[in-house]
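Undergrad: One structure, pasted below without further comment.
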Amino acid sequence: MTQSHAGMVPFITAEEIDEMVSQLAQEIEQDYRGKDLVVICPLKGSVPFFSDLTRKLSLPQTHDFVHLTSPKGEGVRILQDITVNITGQHVLVVEEIIDAGRTLSFLKTRILASSPASLKVVTLLDKPARRELPIKPDYVGRTIDDRFVIGYGMDLEEIGRNYRAIYNYAQ
């Protein structure tokens, strides 16, 4: 995207995102050296981050996807569950952003019920000011204040997921 749309201002460049992803990959490589990893991507927003991160990891890895929804005022529902047997496996959940934490808390509980050897969460962006549940990621690209962002998987009514950079959306 060469021009920002009305109300959008550049926040994190594609180059800065690449640096964050590389740094996170290095940290994960150190922690999981010599281990196989099951990497889980919650659909849809995490896909760009998941793709970039897993390509930077040289660890043996299996990929899986989960699709959850949490409409306002309703509980979290599974639209598509994971398909890989994670019992006794080292599991890494890849999130593009952690906001309220409801969906991630639900997913962690679901995964832990399958008795993995370990479970960690990596997020590109952490927005603790909006947290409703006490959930803390294990790896964080950047902590941000309470702002609405789109791009690199994050959207506004499904628009912007494909942007290579992240924009602050002034509503």
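Chain labels run A, B, ... following the order of the structure tokens; each chain numbers its residues from 1, and ligands are numbered from 1 in the order shown.
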List every residue of chain A that DSSP, applied to the backbone of this structure, assigns to strand (DSSP E or B), and report them as an MDAnalysis selection string.

TA: chainID A and resid 8:12 37:43 61:69 77:80 90:98 118:126 139:143 149:151 154 156 159 166:169

Undergrad: Would you list, as a PyMOL selection string, the residues of chain A that end up in helix (DSSP H, G or I) under DSSP run on this structure's backbone?

TA: chain A and resi 14-31+47-56+102-112+128-130

Undergrad: For each of A:Leu133, A:Ile166, A:Leu92, A:Leu53, take the minimum atom-to-atom distance to Leu112 in chain A, counting only C-alpha atoms, then give the residue where this is smallest.

TA: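 Under the stated criterion, the closest residue is A:Leu92.
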
Undergrad: Would you write out, as CSV, a table of all residues in range 39-59 of chain A that have an atom no more than 6 Å from an atom of range 65-72 of chain A, listing for each the closest atom pair and the distance in Å to one decimal, considering only C-alpha atoms and ordering rows by chain and rising residue number?

TA:
residue,atom,partner,partner_atom,distance
A:Ile40,CA,A:Phe65,CA,5.5
A:Cys41,CA,A:Phe65,CA,4.8
A:Pro42,CA,A:Val66,CA,4.8
A:Leu43,CA,A:His67,CA,4.9

Undergrad: Output C-alpha atoms of each residue in that selection to a file, as an mmCIF file, in the first residue's frame.

TA:
data_model
loop_
_atom_site.group_PDB
_atom_site.id
_atom_site.type_symbol
_atom_site.label_atom_id
_atom_site.label_comp_id
_atom_site.auth_asym_id
_atom_site.auth_seq_id
_atom_site.Cartn_x
_atom_site.Cartn_y
_atom_site.Cartn_z
ATOM 1 C CA ILE A 40 -0.817 -23.344 15.635
ATOM 2 C CA CYS A 41 -2.232 -20.431 13.677
ATOM 3 C CA PRO A 42 -5.564 -18.962 14.789
ATOM 4 C CA LEU A 43 -7.404 -17.847 11.657
#

Undergrad: Counting only C-alpha atoms, which of A:Leu156, A:Leu107, A:Leu57, A:Ala14 gets nearest to Gln80 in chain A?

TA: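 Under the stated criterion, the closest residue is A:Leu107.
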
Undergrad: So that each row is one residue of range 4-111 of chain A with an atom at most 10 Å from range 122-127 of chain A, can you give its shortest atom pair and the distance in Å to one decimal, using only C-alpha atoms, rows by chain and rising number, as a tab-separated table?

TA:
residue	atom	partner	partner_atom	distance
A:Ile17	CA	A:Leu124	CA	8.2
A:Met20	CA	A:Leu124	CA	7.5
A:Val21	CA	A:Leu124	CA	7.5
A:Leu24	CA	A:Val122	CA	7.9
A:Ala25	CA	A:Val122	CA	9.7
A:Ile28	CA	A:Val122	CA	8.8
A:Ser46	CA	A:Thr123	CA	9.0
A:Phe49	CA	A:Leu124	CA	7.4
A:Phe50	CA	A:Thr123	CA	9.7
A:Leu53	CA	A:Val122	CA	9.9
A:Leu92	CA	A:Val122	CA	7.1
A:Val93	CA	A:Val122	CA	6.2
A:Val94	CA	A:Val122	CA	5.1
A:Glu95	CA	A:Thr123	CA	4.6
A:Glu96	CA	A:Leu124	CA	5.1
A:Ile97	CA	A:Leu125	CA	4.6
A:Ile98	CA	A:Asp126	CA	5.0
A:Asp99	CA	A:Lys127	CA	5.2
A:Ala100	CA	A:Lys127	CA	8.1
A:Gly101	CA	A:Lys127	CA	9.5

Undergrad: What's the 9 Å shell around Gly151 in chain A, counting only C-alpha atoms, without same-chain residues fewer than 5 positions away, as an mmCIF file with C-alpha atoms, in the first residue's frame?

TA:
data_model
loop_
_atom_site.group_PDB
_atom_site.id
_atom_site.type_symbol
_atom_site.label_atom_id
_atom_site.label_comp_id
_atom_site.auth_asym_id
_atom_site.auth_seq_id
_atom_site.Cartn_x
_atom_site.Cartn_y
_atom_site.Cartn_z
ATOM 1 C CA LEU A 156 -11.299 -3.319 9.637
ATOM 2 C CA ILE A 159 -10.110 -4.822 4.825
ATOM 3 C CA GLY A 160 -6.369 -4.348 5.374
ATOM 4 C CA ARG A 161 -5.231 -7.867 6.235
ATOM 5 C CA ASN A 162 -2.961 -7.865 3.165
ATOM 6 C CA TYR A 163 -1.115 -4.620 3.956
ATOM 7 C CA ARG A 164 2.600 -5.247 4.487
ATOM 8 C CA ALA A 165 2.833 -2.520 7.151
ATOM 9 C CA ILE A 166 0.653 -1.708 10.157
ATOM 10 C CA TYR A 167 -1.370 1.460 10.316
ATOM 11 C CA ASN A 168 -2.996 3.263 13.186
#

Undergrad: Could you check how far CA of Leu37 in chain A sits from CA of Val91 in chain A, in Å to one decimal?

TA: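 Taking CA of Leu37 in chain A as the start and CA of Val91 in chain A as the end point, the length is 5.9 Å.
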
Undergrad: When you draw a straight line from CA of Leu104 in chain A to CA of Val121 in chain A, how long is it in Å?

TA: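 Distance reported for this atom pair: 9.0 Å.
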
Undergrad: When distances are computed from only C-alpha atoms, which of A:Glu158, A:Glu132, A:Asp146, A:Asp138 shows the smallest separation from Asp31 in chain A?

TA: A:Asp138

Undergrad: I'd like the contact shell of Lys108 in chain A - 10 Å cut-off, only C-alpha atoms, skipping same-chain residues fewer than 5 positions apart - returned as a PyMOL selection string.

TA: chain A and resi 93+103+113+119-121+135

Undergrad: Go through A:Pro48, A:Glu27, A:Asp64, A:Tyr32 one by one, measure the shortest atom-to-atom distance of each to Tyr152 in chain A using only C-alpha atoms, and give the residue with the smallest value.

TA: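 The shortest atom-to-atom distance to Tyr152 in chain A comes from A:Pro48.
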
Undergrad: Looking at only C-alpha atoms, which of A:Thr13, A:Ser115, A:Ser58, A:Ser51 is the one that sits closest to Arg33 in chain A?

TA: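 For Arg33 in chain A, the nearest of the candidates is A:Ser58.
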